[in-house]
file target-v4.pdb (PDB, C-alpha atoms (C1' of nucleotides))
ATOM      1  CA  MET Y 478      98.264 119.679 102.194
ATOM      2  CA  GLU Y 479     100.772 120.163 104.947
ATOM      3  CA  SER Y 480     102.839 117.090 105.710
ATOM      4  CA  ILE Y 481     104.390 114.304 103.707
ATOM      5  CA  PHE Y 482     102.146 111.971 105.681
ATOM      6  CA  ALA Y 483      99.034 113.646 104.352
ATOM      7  CA  ILE Y 484     100.408 113.286 100.848
ATOM      8  CA  LEU Y 485     101.068 109.597 101.314
ATOM      9  CA  ALA Y 486      97.674 109.007 102.878
ATOM     10  CA  GLU Y 487      96.207 108.798  99.383
ATOM     11  CA  PRO Y 488      96.487 105.253  97.940
ATOM     12  CA  THR Y 489      96.608 106.446  94.353
ATOM     13  CA  ARG Y 490      99.553 108.674  95.134
ATOM     14  CA  ARG Y 491     101.422 105.809  96.735
ATOM     15  CA  ALA Y 492     100.712 103.713  93.653
ATOM     16  CA  ILE Y 493     102.127 106.452  91.454
ATOM     17  CA  LEU Y 494     105.277 106.644  93.556
ATOM     18  CA  LEU Y 495     105.777 102.895  93.291
ATOM     19  CA  LEU Y 496     105.340 103.118  89.535
ATOM     20  CA  LEU Y 497     107.872 105.894  89.255
ATOM     21  CA  LEU Y 498     110.281 103.977  91.438
ATOM     22  CA  ALA Y 499     110.675 101.453  88.623
ATOM     23  CA  GLN Y 500     111.135 104.146  85.986
ATOM     24  CA  ALA Y 501     110.084 107.623  84.964
ATOM     25  CA  ARG Y 502     106.773 107.782  83.138
ATOM     26  CA  SER Y 503     104.491 110.173  81.302
ATOM     27  CA  VAL Y 504     101.045 111.104  82.555
ATOM     28  CA  GLY Y 505      99.461 108.960  79.874
ATOM     29  CA  GLU Y 506     101.460 105.929  80.885
ATOM     30  CA  ILE Y 507     100.462 106.288  84.506
ATOM     31  CA  GLU Y 508      96.887 106.849  83.418
ATOM     32  CA  ARG Y 509      96.872 103.547  81.497
ATOM     33  CA  GLU Y 510      98.760 101.495  84.033
ATOM     34  CA  LEU Y 511      96.562 102.537  86.931
ATOM     35  CA  LYS Y 512      93.411 102.781  84.825
ATOM     36  CA  LEU Y 513      92.479 106.185  86.135
ATOM     37  CA  PRO Y 514      90.954 109.196  84.404
ATOM     38  CA  GLN Y 515      93.553 111.647  83.202
ATOM     39  CA  PRO Y 516      92.538 114.619  85.374
ATOM     40  CA  THR Y 517      92.815 112.440  88.442
ATOM     41  CA  VAL Y 518      96.368 111.508  87.550
ATOM     42  CA  SER Y 519      97.314 115.092  86.738
ATOM     43  CA  LYS Y 520      95.889 116.368  89.986
ATOM     44  CA  HIS Y 521      97.700 113.815  92.096
ATOM     45  CA  LEU Y 522     100.912 114.516  90.233
ATOM     46  CA  ARG Y 523     100.431 118.181  90.998
ATOM     47  CA  VAL Y 524     100.206 117.429  94.680
ATOM     48  CA  LEU Y 525     103.224 115.135  94.530
ATOM     49  CA  ARG Y 526     105.220 117.722  92.644
ATOM     50  CA  ASP Y 527     104.342 120.548  95.022
ATOM     51  CA  ALA Y 528     105.509 118.352  97.869
ATOM     52  CA  GLY Y 529     108.751 117.493  96.108
ATOM     53  CA  PHE Y 530     108.058 113.791  95.685
ATOM     54  CA  VAL Y 531     108.386 113.993  91.918
ATOM     55  CA  GLU Y 532     109.714 116.303  89.260
ATOM     56  CA  ALA Y 533     108.619 116.715  85.668
ATOM     57  CA  GLY Y 534     110.796 116.791  82.589
ATOM     58  CA  VAL Y 535     109.380 118.262  79.399
ATOM     59  CA  ASP Y 536     109.305 116.192  76.224
ATOM     60  CA  ALA Y 537     107.215 118.228  73.794
ATOM     61  CA  GLN Y 538     103.622 117.712  74.947
ATOM     62  CA  ARG Y 539     104.625 114.882  77.229
ATOM     63  CA  ARG Y 540     105.713 115.428  80.779
ATOM     64  CA  LEU Y 541     108.076 112.799  82.060
ATOM     65  CA  TYR Y 542     107.637 112.438  85.791
ATOM     66  CA  ARG Y 543     110.471 111.026  87.833
ATOM     67  CA  LEU Y 544     110.864 110.274  91.505
ATOM     68  CA  ARG Y 545     112.770 112.522  93.884
ATOM     69  CA  PRO Y 546     114.269 111.094  97.072
ATOM     70  CA  GLU Y 547     114.105 113.921  99.596
ATOM     71  CA  PRO Y 548     110.578 113.622 101.004
ATOM     72  CA  LEU Y 549     110.882 109.892 101.409
ATOM     73  CA  GLN Y 550     114.158 110.397 103.153
ATOM     74  CA  SER Y 551     112.362 112.739 105.530
ATOM     75  CA  LEU Y 552     109.903 109.989 106.249
ATOM     76  CA  ASP Y 553     112.809 107.686 106.930
ATOM     77  CA  GLU Y 554     114.225 110.185 109.375
ATOM     78  CA  TRP Y 555     110.921 110.543 111.146
ATOM     79  CA  LEU Y 556     110.841 106.806 111.509
ATOM     80  CA  ALA Y 557     114.398 106.541 112.814
ATOM     81  CA  PRO Y 558     113.767 106.988 116.557
ATOM     82  CA  PHE Y 559     111.010 104.384 116.429
ATOM     83  CA  ARG Y 560     113.354 101.922 114.786
ATOM     84  CA  GLN Y 561     115.381 101.946 117.977
ATOM     85  CA  PHE Y 562     112.254 101.112 119.838
ATOM     86  CA  TRP Y 563     111.432  97.918 118.029
ATOM     87  CA  SER Y 564     115.074  96.914 118.068
ATOM     88  CA  VAL Y 565     114.785  96.788 121.815
ATOM     89  CA  GLN Y 566     111.835  94.465 121.442
ATOM     90  CA  VAL Y 567     113.861  92.171 119.195
ATOM     91  CA  ASP Y 568     116.794  92.327 121.593
ATOM     92  CA  ALA Y 569     114.582  91.205 124.423
ATOM     93  CA  LEU Y 570     113.355  88.313 122.346
ATOM     94  CA  GLU Y 571     116.871  87.363 121.403
ATOM     95  CA  ARG Y 572     118.091  87.473 124.963
ATOM     96  CA  HIS Y 573     115.229  85.227 125.834
ATOM     97  CA  LEU Y 574     116.126  82.753 123.109
ATOM     98  CA  ASP Y 575     119.823  82.906 123.989
ATOM     99  CA  ARG Y 576     118.991  82.061 127.547
ATOM    100  CA  ARG Y 577     116.878  79.130 126.490
ATOM    101  CA  GLU Y 578     119.370  77.704 123.990
ATOM    102  CA  ALA Y 579     122.622  77.865 125.929
ATOM    103  CA  VAL Y 580     124.720  80.380 127.796
ATOM    104  CA  GLY Y 581     127.883  80.402 125.659
ATOM    105  CA  GLY Y 582     126.184  81.052 122.328
ATOM    106  CA  ALA Y 583     128.178  82.728 119.566
ATOM    107  CA  ARG Y 584     125.429  84.985 118.132
ATOM    108  CA  GLU Y 585     126.950  84.882 114.703
ATOM    109  CA  GLY Y 586     125.215  86.054 111.578
ATOM    110  CA  VAL Y 587     123.197  88.639 113.428
ATOM    111  CA  ALA Y 588     123.280  92.000 111.737
ATOM    112  CA  PRO Y 589     124.532  94.841 113.932
ATOM    113  CA  ARG Y 590     121.712  96.908 115.287
ATOM    114  CA  MET Y 591     121.418 100.400 116.666
ATOM    115  CA  VAL Y 592     120.341 100.465 120.250
ATOM    116  CA  ALA Y 593     120.457 103.828 121.973
ATOM    117  CA  ARG Y 594     121.193 107.479 121.383
TER     118      ARG Y 594
ATOM    119  CA  MET I 403      90.479 104.796 108.372
ATOM    120  CA  GLU I 404      92.134 102.306 106.089
ATOM    121  CA  SER I 405      95.887 102.673 105.976
ATOM    122  CA  ILE I 406      98.602 103.412 108.473
ATOM    123  CA  PHE I 407      99.398 106.445 106.341
ATOM    124  CA  ALA I 408      95.976 107.925 106.945
ATOM    125  CA  ILE I 409      96.459 107.402 110.657
ATOM    126  CA  LEU I 410      99.806 109.149 110.633
ATOM    127  CA  ALA I 411      98.483 112.010 108.546
ATOM    128  CA  GLU I 412      97.166 113.601 111.740
ATOM    129  CA  PRO I 413      99.828 115.723 113.484
ATOM    130  CA  THR I 414      98.348 115.199 116.930
ATOM    131  CA  ARG I 415      98.527 111.450 116.499
ATOM    132  CA  ARG I 416     102.156 111.630 115.485
ATOM    133  CA  ALA I 417     102.830 113.767 118.547
ATOM    134  CA  ILE I 418     101.173 111.160 120.731
ATOM    135  CA  LEU I 419     103.287 108.405 119.232
ATOM    136  CA  LEU I 420     106.454 110.376 119.888
ATOM    137  CA  LEU I 421     105.353 110.925 123.473
ATOM    138  CA  LEU I 422     104.679 107.242 123.960
ATOM    139  CA  LEU I 423     108.002 106.370 122.419
ATOM    140  CA  ALA I 424     109.712 107.895 125.436
ATOM    141  CA  GLN I 425     107.441 106.093 127.883
ATOM    142  CA  ALA I 426     103.917 104.836 128.421
ATOM    143  CA  ARG I 427     101.477 107.472 129.606
ATOM    144  CA  SER I 428      97.929 107.921 130.804
ATOM    145  CA  VAL I 429      95.340 109.920 128.889
ATOM    146  CA  GLY I 430      95.588 112.724 131.400
ATOM    147  CA  GLU I 431      99.334 112.978 131.018
ATOM    148  CA  ILE I 432      99.076 113.195 127.248
ATOM    149  CA  GLU I 433      96.310 115.728 127.654
ATOM    150  CA  ARG I 434      98.511 117.943 129.784
ATOM    151  CA  GLU I 435     101.707 117.545 127.790
ATOM    152  CA  LEU I 436     100.069 118.346 124.493
ATOM    153  CA  LYS I 437      97.614 120.830 125.979
ATOM    154  CA  LEU I 438      94.630 119.314 124.256
ATOM    155  CA  PRO I 439      91.049 118.775 125.429
ATOM    156  CA  GLN I 440      90.530 115.329 126.883
ATOM    157  CA  PRO I 441      87.975 114.079 124.336
ATOM    158  CA  THR I 442      90.370 114.956 121.555
ATOM    159  CA  VAL I 443      93.084 112.843 123.130
ATOM    160  CA  SER I 444      90.735 109.956 123.804
ATOM    161  CA  LYS I 445      89.444 109.973 120.258
ATOM    162  CA  HIS I 446      92.888 109.964 118.719
ATOM    163  CA  LEU I 447      93.949 107.204 121.063
ATOM    164  CA  ARG I 448      90.933 105.232 119.941
ATOM    165  CA  VAL I 449      92.041 105.541 116.332
ATOM    166  CA  LEU I 450      95.608 104.627 117.199
ATOM    167  CA  ARG I 451      94.473 101.642 119.203
ATOM    168  CA  ASP I 452      92.159 100.350 116.459
ATOM    169  CA  ALA I 453      95.074 100.556 114.060
ATOM    170  CA  GLY I 454      97.388  98.733 116.443
ATOM    171  CA  PHE I 455      99.766 101.615 117.047
ATOM    172  CA  VAL I 456      99.157 101.576 120.775
ATOM    173  CA  GLU I 457      97.687  99.346 123.433
ATOM    174  CA  ALA I 458      96.092 100.267 126.718
ATOM    175  CA  GLY I 459      96.818  98.809 130.125
ATOM    176  CA  VAL I 460      94.288  99.299 132.907
ATOM    177  CA  ASP I 461      95.313 100.932 136.153
ATOM    178  CA  ALA I 462      92.070 101.515 138.047
ATOM    179  CA  GLN I 463      90.465 104.509 136.313
ATOM    180  CA  ARG I 464      93.668 105.269 134.465
ATOM    181  CA  ARG I 465      94.505 103.773 131.124
ATOM    182  CA  LEU I 466      98.192 103.444 130.484
ATOM    183  CA  TYR I 467      98.846 103.663 126.772
ATOM    184  CA  ARG I 468     102.010 102.155 125.393
ATOM    185  CA  LEU I 469     103.468 101.993 121.927
ATOM    186  CA  ARG I 470     103.290  98.897 119.739
ATOM    187  CA  PRO I 471     105.852  98.346 117.005
ATOM    188  CA  GLU I 472     104.023  96.482 114.253
ATOM    189  CA  PRO I 473     102.361  99.301 112.285
ATOM    190  CA  LEU I 474     105.528 101.347 112.262
ATOM    191  CA  GLN I 475     107.420  98.320 111.086
ATOM    192  CA  SER I 476     104.934  98.055 108.235
ATOM    193  CA  LEU I 477     105.713 101.616 107.329
ATOM    194  CA  ASP I 478     109.377 100.735 107.387
ATOM    195  CA  GLU I 479     108.737  97.859 105.016
ATOM    196  CA  TRP I 480     106.781 100.047 102.645
ATOM    197  CA  LEU I 481     109.696 102.408 102.612
ATOM    198  CA  ALA I 482     112.283  99.703 101.969
ATOM    199  CA  PRO I 483     112.233  99.599  98.156
ATOM    200  CA  PHE I 484     112.581 103.371  98.019
ATOM    201  CA  ARG I 485     115.615 103.217 100.254
ATOM    202  CA  GLN I 486     117.412 101.341  97.515
ATOM    203  CA  PHE I 487     116.490 104.155  95.214
ATOM    204  CA  TRP I 488     118.133 106.927  97.122
ATOM    205  CA  SER I 489     121.132 104.734  97.884
ATOM    206  CA  VAL I 490     121.727 104.669  94.168
ATOM    207  CA  GLN I 491     121.634 108.451  94.151
ATOM    208  CA  VAL I 492     124.195 108.634  96.934
ATOM    209  CA  ASP I 493     126.327 105.977  95.274
ATOM    210  CA  ALA I 494     126.356 107.978  92.084
ATOM    211  CA  LEU I 495     127.384 111.086  93.999
ATOM    212  CA  GLU I 496     130.137 109.192  95.758
ATOM    213  CA  ARG I 497     131.463 107.735  92.546
ATOM    214  CA  HIS I 498     131.514 111.244  91.195
ATOM    215  CA  LEU I 499     133.427 112.581  94.192
ATOM    216  CA  ASP I 500     135.819 109.626  94.150
ATOM    217  CA  ARG I 501     136.600 110.327  90.558
ATOM    218  CA  ARG I 502     137.230 114.000  91.253
ATOM    219  CA  GLU I 503     139.390 113.504  94.335
ATOM    220  CA  ALA I 504     141.781 110.786  93.126
ATOM    221  CA  VAL I 505     141.553 107.252  91.843
ATOM    222  CA  GLY I 506     143.269 105.438  94.719
ATOM    223  CA  GLY I 507     141.221 107.017  97.519
ATOM    224  CA  ALA I 508     140.797 105.143 100.800
ATOM    225  CA  ARG I 509     137.097 105.914 101.391
ATOM    226  CA  GLU I 510     137.535 105.675 105.141
ATOM    227  CA  GLY I 511     135.022 106.906 107.655
ATOM    228  CA  VAL I 512     132.070 106.268 105.416
ATOM    229  CA  ALA I 513     129.270 104.555 107.263
ATOM    230  CA  PRO I 514     128.123 101.269 105.753
ATOM    231  CA  ARG I 515     124.882 101.515 103.905
ATOM    232  CA  MET I 516     122.169  99.012 103.197
ATOM    233  CA  VAL I 517     121.668  98.508  99.507
ATOM    234  CA  ALA I 518     119.353  95.622  98.777
ATOM    235  CA  ARG I 519     117.267  93.070 100.548
TER     236      ARG I 519
ATOM    237  C1'  DC A 921      96.076 127.098  60.230
ATOM    238  C1'  DA A 922      93.088 123.292  61.335
ATOM    239  C1'  DC A 923      93.245 119.064  63.881
ATOM    240  C1'  DG A 924      94.601 115.383  67.082
ATOM    241  C1'  DT A 925      97.181 114.348  71.059
ATOM    242  C1'  DA A 926      98.895 115.288  75.758
ATOM    243  C1'  DT A 927      98.367 117.567  79.965
ATOM    244  C1'  DA A 928      96.574 121.047  83.183
ATOM    245  C1'  DT A 929      92.993 123.481  85.529
ATOM    246  C1'  DA A 930      88.178 125.126  86.997
ATOM    247  C1'  DC A 931      83.824 124.168  89.078
ATOM    248  C1'  DG A 932      80.387 121.840  91.639
ATOM    249  C1'  DT A 933      79.277 117.877  94.522
ATOM    250  C1'  DT A 934      79.974 114.450  97.909
ATOM    251  C1'  DC A 935      81.947 112.404 101.808
ATOM    252  C1'  DA A 936      85.081 111.805 105.636
ATOM    253  C1'  DT A 937      87.304 113.608 109.479
ATOM    254  C1'  DG A 938      88.523 116.566 113.251
ATOM    255  C1'  DC A 939      86.599 119.464 116.770
ATOM    256  C1'  DG A 940      83.722 121.329 120.543
ATOM    257  C1'  DT A 941      80.213 120.541 123.776
ATOM    258  C1'  DA A 942      77.680 117.622 126.399
ATOM    259  C1'  DT A 943      77.015 113.382 128.557
ATOM    260  C1'  DA A 944      77.897 108.534 129.889
ATOM    261  C1'  DT A 945      80.618 105.076 132.366
ATOM    262  C1'  DA A 946      83.868 103.445 135.709
ATOM    263  C1'  DC A 947      86.557 103.549 139.797
ATOM    264  C1'  DG A 948      88.407 105.084 144.481
ATOM    265  C1'  DG A 949      87.804 107.464 148.677
ATOM    266  C1'  DT A 950      85.061 109.131 152.493
TER     267       DT A 950
ATOM    268  C1'  DA T1360      75.701 105.891 149.022
ATOM    269  C1'  DC T1361      77.906 110.117 147.359
ATOM    270  C1'  DC T1362      81.385 112.756 145.230
ATOM    271  C1'  DG T1363      85.483 113.706 142.557
ATOM    272  C1'  DT T1364      88.553 112.012 139.194
ATOM    273  C1'  DA T1365      89.616 109.641 134.843
ATOM    274  C1'  DT T1366      88.284 108.208 130.460
ATOM    275  C1'  DA T1367      85.053 107.155 126.676
ATOM    276  C1'  DT T1368      81.384 108.179 123.577
ATOM    277  C1'  DA T1369      77.405 110.783 121.125
ATOM    278  C1'  DC T1370      75.957 114.512 118.368
ATOM    279  C1'  DG T1371      76.091 118.450 115.355
ATOM    280  C1'  DC T1372      79.020 121.409 112.671
ATOM    281  C1'  DA T1373      82.536 122.931 109.611
ATOM    282  C1'  DT T1374      86.291 122.209 106.641
ATOM    283  C1'  DG T1375      88.883 120.022 103.224
ATOM    284  C1'  DA T1376      89.991 116.712  99.978
ATOM    285  C1'  DA T1377      88.895 113.610  96.093
ATOM    286  C1'  DC T1378      86.180 112.965  92.148
ATOM    287  C1'  DG T1379      83.637 113.667  87.703
ATOM    288  C1'  DT T1380      82.748 116.630  84.010
ATOM    289  C1'  DA T1381      83.947 120.224  81.271
ATOM    290  C1'  DT T1382      87.214 123.231  79.388
ATOM    291  C1'  DA T1383      91.738 125.481  78.665
ATOM    292  C1'  DT T1384      96.510 125.336  77.099
ATOM    293  C1'  DA T1385     100.400 123.569  74.537
ATOM    294  C1'  DC T1386     102.636 121.043  71.020
ATOM    295  C1'  DG T1387     103.337 118.437  66.639
ATOM    296  C1'  DT T1388     101.647 117.237  61.994
ATOM    297  C1'  DG T1389      99.451 117.507  57.702
TER     298       DG T1389
END
call {"tool": "encode", "arguments": {"input": "target-v4.pdb", "output": "C-alpha cells"}}
result
Amino acid sequence: MESIFAILAEPTRRAILLLLLAQARSVGEIERELKLPQPTVSKHLRVLRDAGFVEAGVDAQRRLYRLRPEPLQSLDEWLAPFRQFWSVQVDALERHLDRREAVGGAREGVAPRMVAR
Amino acid sequence: MESIFAILAEPTRRAILLLLLAQARSVGEIERELKLPQPTVSKHLRVLRDAGFVEAGVDAQRRLYRLRPEPLQSLDEWLAPFRQFWSVQVDALERHLDRREAVGGAREGVAPRMVAR
DNA sequence: CACGTATATACGTTCATGCGTATATACGGT
DNA sequence: ACCGTATATACGCATGAACGTATATACGTG
C-alpha cells in the first residue's frame, strides 16, 4: 500500500480520519458512527496505523485510536510547490482587476502570498 | 475514478503533474522524460484531463498539456481542517519550549503560522 | 472458569485498474 | 496521394484491494 495517496484514496479511510480529527475514538464508536461492519473498520484502521496516520492506545479490550499529524504533513509538503502555481493564477487575476479599477490602488487587506522559490 | 485522491494514488500521474508544474509539455516530451511507453502516458493524461487536473491545447498533431489548479486546490481545502490540528501540536511544543527556556522570551524569528479559517 | 464484549485476522470472491500489444485517427510534408 | 510522426483508443491479462463471513484472541465480570 505504498504511498499516503493510496491510503487516502479510500473514502472510508478519509471518513475515519475526519472522525478522529474531532476526537480519539474506539473501534466500536467508529463502527457505529459510520455504520460499517466491525472487520471493515479494523482492517482500515490497520492500514492507517501501518502508514502512521493513526496510533492506538490500549484501554482494556478497547483500542483508542487517535490521529497522528506526520503523514498529512507530508501531503501538505507535496502540495506546497503547486500552491505557488495557483498563487500565480490569482496574482494574474488581481493584476487584471487592479488595472481595471484604478492605477493607484492600495491593495490593503490582501494576505501575503508566496510567489517563487 | 471518483475522487481526486484516487487519481493521485498513481505515482506516474503525480510525476506527470510535477512535470507540468514546471511547464506545459507535449505527450512525446512526457514520454521521453519519464521513459514510459506512449499509450501509458496518453491513458494517464486522459484520466488527469477527465478529472480536471490538466487541459490540452492543440498544436497540429501535438497536444500541449498544461496544469489546471482547481483539483489541487480542492485537495488543499480537504487538508485545511487537519492543518489546524497539527498547528495545535506545534503550539503545544512551543509552549513547552518557552516554558523551559525562560518566561520572558522574545520568540523572534518564528515564522507566522495559520491557525484557523 | 464460563460468558459476553471488543477487536483482530484469515480466507475466498469480486471488481477495478494499470499495462502491453495492436490498431485507429489525425496532421504535415513531399 | 503517400508516408512518417504524434496521439488516442481497444482488447486481453494480471494483480491487488475491498468486502463479507467466519473465526481467533484478549479482557473483564459474575
call {"tool": "resolve_selection", "arguments": {"input": "target-v4.pdb", "expression": "the PyMOL selection byres ((chain T and resi 1369) around 12)", "output": "PyMOL selection string"}}
result
(chain I and resi 441) or (chain A and resi 941-944) or (chain T and resi 1367-1368+1370-1371)
call {"tool": "interface_residues", "arguments": {"input": "target-v4.pdb", "of": "chain T", "to": "chain Y", "cutoff": "12 Å", "atoms": "only C-alpha atoms (C1' of nucleotides)", "output": "ChimeraX atom specification"}}
result
/T:1375-1382,1384-1387
call {"tool": "resolve_selection", "arguments": {"input": "target-v4.pdb", "expression": "the PyMOL selection byres ((chain Y) within 6 of (chain I))", "output": "list in words"}}
result
Phe482, Ala483, Ala486, Pro546 and Trp563 of chain Y
call {"tool": "resolve_selection", "arguments": {"input": "target-v4.pdb", "expression": "the PyMOL selection byres ((chain A) within 10 of (chain I))", "output": "number ranges by chain"}}
result
A: 936-940, 946-948
call {"tool": "calpha_fit_and_write", "arguments": {"input": "target-v4.pdb", "fixed": "chain I", "moving": "chain Y", "output": "JSON list (two decimals) with C-alpha atoms, in the frame of the given file"}}
result
[["chain", "number", "residue", "atom", "x", "y", "z"],
["Y", 478, "MET", "CA", 90.57, 104.47, 108.55],
["Y", 479, "GLU", "CA", 92.31, 101.98, 106.34],
["Y", 480, "SER", "CA", 96.07, 102.35, 106.24],
["Y", 481, "ILE", "CA", 98.77, 103.22, 108.72],
["Y", 482, "PHE", "CA", 99.49, 106.22, 106.52],
["Y", 483, "ALA", "CA", 96.02, 107.60, 107.05],
["Y", 484, "ILE", "CA", 96.49, 107.17, 110.78],
["Y", 485, "LEU", "CA", 99.77, 109.04, 110.74],
["Y", 486, "ALA", "CA", 98.38, 111.80, 108.57],
["Y", 487, "GLU", "CA", 96.96, 113.41, 111.70],
["Y", 488, "PRO", "CA", 99.53, 115.66, 113.43],
["Y", 489, "THR", "CA", 98.03, 115.18, 116.87],
["Y", 490, "ARG", "CA", 98.35, 111.43, 116.53],
["Y", 491, "ARG", "CA", 101.99, 111.73, 115.57],
["Y", 492, "ALA", "CA", 102.54, 113.95, 118.59],
["Y", 493, "ILE", "CA", 100.95, 111.34, 120.82],
["Y", 494, "LEU", "CA", 103.18, 108.62, 119.39],
["Y", 495, "LEU", "CA", 106.27, 110.72, 120.03],
["Y", 496, "LEU", "CA", 105.12, 111.30, 123.59],
["Y", 497, "LEU", "CA", 104.57, 107.62, 124.17],
["Y", 498, "LEU", "CA", 107.94, 106.83, 122.67],
["Y", 499, "ALA", "CA", 109.56, 108.48, 125.69],
["Y", 500, "GLN", "CA", 107.32, 106.66, 128.16],
["Y", 501, "ALA", "CA", 103.84, 105.29, 128.68],
["Y", 502, "ARG", "CA", 101.29, 107.86, 129.78],
["Y", 503, "SER", "CA", 97.71, 108.21, 130.93],
["Y", 504, "VAL", "CA", 95.08, 110.05, 128.93],
["Y", 505, "GLY", "CA", 95.19, 112.93, 131.39],
["Y", 506, "GLU", "CA", 98.93, 113.30, 131.04],
["Y", 507, "ILE", "CA", 98.71, 113.43, 127.27],
["Y", 508, "GLU", "CA", 95.84, 115.86, 127.57],
["Y", 509, "ARG", "CA", 97.95, 118.23, 129.69],
["Y", 510, "GLU", "CA", 101.17, 117.88, 127.75],
["Y", 511, "LEU", "CA", 99.55, 118.54, 124.40],
["Y", 512, "LYS", "CA", 96.98, 120.97, 125.79],
["Y", 513, "LEU", "CA", 94.08, 119.31, 124.07],
["Y", 514, "PRO", "CA", 90.52, 118.68, 125.22],
["Y", 515, "GLN", "CA", 90.08, 115.26, 126.74],
["Y", 516, "PRO", "CA", 87.61, 113.85, 124.19],
["Y", 517, "THR", "CA", 90.01, 114.74, 121.41],
["Y", 518, "VAL", "CA", 92.78, 112.77, 123.08],
["Y", 519, "SER", "CA", 90.51, 109.81, 123.79],
["Y", 520, "LYS", "CA", 89.27, 109.71, 120.24],
["Y", 521, "HIS", "CA", 92.73, 109.79, 118.74],
["Y", 522, "LEU", "CA", 93.87, 107.12, 121.15],
["Y", 523, "ARG", "CA", 90.95, 105.01, 120.03],
["Y", 524, "VAL", "CA", 92.07, 105.28, 116.45],
["Y", 525, "LEU", "CA", 95.67, 104.52, 117.38],
["Y", 526, "ARG", "CA", 94.62, 101.54, 119.43],
["Y", 527, "ASP", "CA", 92.38, 100.10, 116.72],
["Y", 528, "ALA", "CA", 95.31, 100.36, 114.34],
["Y", 529, "GLY", "CA", 97.67, 98.67, 116.79],
["Y", 530, "PHE", "CA", 99.94, 101.65, 117.34],
["Y", 531, "VAL", "CA", 99.28, 101.67, 121.07],
["Y", 532, "GLU", "CA", 97.87, 99.45, 123.76],
["Y", 533, "ALA", "CA", 96.20, 100.38, 127.01],
["Y", 534, "GLY", "CA", 96.93, 99.02, 130.45],
["Y", 535, "VAL", "CA", 94.32, 99.46, 133.17],
["Y", 536, "ASP", "CA", 95.24, 101.21, 136.41],
["Y", 537, "ALA", "CA", 91.93, 101.70, 138.20],
["Y", 538, "GLN", "CA", 90.28, 104.62, 136.39],
["Y", 539, "ARG", "CA", 93.47, 105.47, 134.58],
["Y", 540, "ARG", "CA", 94.42, 103.92, 131.29],
["Y", 541, "LEU", "CA", 98.13, 103.72, 130.72],
["Y", 542, "TYR", "CA", 98.83, 103.89, 127.01],
["Y", 543, "ARG", "CA", 102.06, 102.47, 125.70],
["Y", 544, "LEU", "CA", 103.57, 102.28, 122.25],
["Y", 545, "ARG", "CA", 103.52, 99.13, 120.15],
["Y", 546, "PRO", "CA", 106.14, 98.60, 117.45],
["Y", 547, "GLU", "CA", 104.39, 96.61, 114.74],
["Y", 548, "PRO", "CA", 102.66, 99.31, 112.67],
["Y", 549, "LEU", "CA", 105.74, 101.47, 112.62],
["Y", 550, "GLN", "CA", 107.75, 98.49, 111.54],
["Y", 551, "SER", "CA", 105.30, 98.06, 108.68],
["Y", 552, "LEU", "CA", 105.97, 101.63, 107.69],
["Y", 553, "ASP", "CA", 109.66, 100.88, 107.78],
["Y", 554, "GLU", "CA", 109.13, 97.92, 105.50],
["Y", 555, "TRP", "CA", 107.11, 99.98, 103.07],
["Y", 556, "LEU", "CA", 109.95, 102.44, 102.98],
["Y", 557, "ALA", "CA", 112.63, 99.81, 102.45],
["Y", 558, "PRO", "CA", 112.61, 99.59, 98.63],
["Y", 559, "PHE", "CA", 112.81, 103.37, 98.39],
["Y", 560, "ARG", "CA", 115.83, 103.39, 100.66],
["Y", 561, "GLN", "CA", 117.69, 101.52, 97.95],
["Y", 562, "PHE", "CA", 116.71, 104.21, 95.57],
["Y", 563, "TRP", "CA", 118.26, 107.11, 97.41],
["Y", 564, "SER", "CA", 121.31, 105.02, 98.18],
["Y", 565, "VAL", "CA", 121.94, 104.93, 94.48],
["Y", 566, "GLN", "CA", 121.76, 108.69, 94.42],
["Y", 567, "VAL", "CA", 124.34, 108.91, 97.19],
["Y", 568, "ASP", "CA", 126.52, 106.35, 95.44],
["Y", 569, "ALA", "CA", 126.51, 108.44, 92.31],
["Y", 570, "LEU", "CA", 127.53, 111.47, 94.31],
["Y", 571, "GLU", "CA", 130.28, 109.55, 96.01],
["Y", 572, "ARG", "CA", 131.64, 108.19, 92.78],
["Y", 573, "HIS", "CA", 131.69, 111.71, 91.51],
["Y", 574, "LEU", "CA", 133.61, 112.94, 94.54],
["Y", 575, "ASP", "CA", 135.98, 109.97, 94.42],
["Y", 576, "ARG", "CA", 136.77, 110.77, 90.84],
["Y", 577, "ARG", "CA", 137.45, 114.38, 91.67],
["Y", 578, "GLU", "CA", 139.62, 113.70, 94.72],
["Y", 579, "ALA", "CA", 141.91, 110.95, 93.48],
["Y", 580, "VAL", "CA", 141.69, 107.54, 91.89],
["Y", 581, "GLY", "CA", 143.26, 105.38, 94.62],
["Y", 582, "GLY", "CA", 141.07, 106.58, 97.48],
["Y", 583, "ALA", "CA", 140.54, 104.28, 100.45],
["Y", 584, "ARG", "CA", 136.83, 105.02, 101.12],
["Y", 585, "GLU", "CA", 137.22, 104.31, 104.79],
["Y", 586, "GLY", "CA", 134.65, 105.18, 107.40],
["Y", 587, "VAL", "CA", 131.79, 104.81, 104.99],
["Y", 588, "ALA", "CA", 128.98, 102.74, 106.40],
["Y", 589, "PRO", "CA", 128.04, 99.71, 104.30],
["Y", 590, "ARG", "CA", 124.97, 100.34, 102.25],
["Y", 591, "MET", "CA", 122.41, 98.14, 100.58],
["Y", 592, "VAL", "CA", 122.36, 98.52, 96.85],
["Y", 593, "ALA", "CA", 120.22, 96.06, 94.94],
["Y", 594, "ARG", "CA", 117.82, 93.19, 95.39]]
call {"tool": "atom_distance", "arguments": {"input": "target-v4.pdb", "atom1": "CA of Val504 in chain Y", "atom2": "CA of Ala494 in chain I"}}
result
27.2 Å
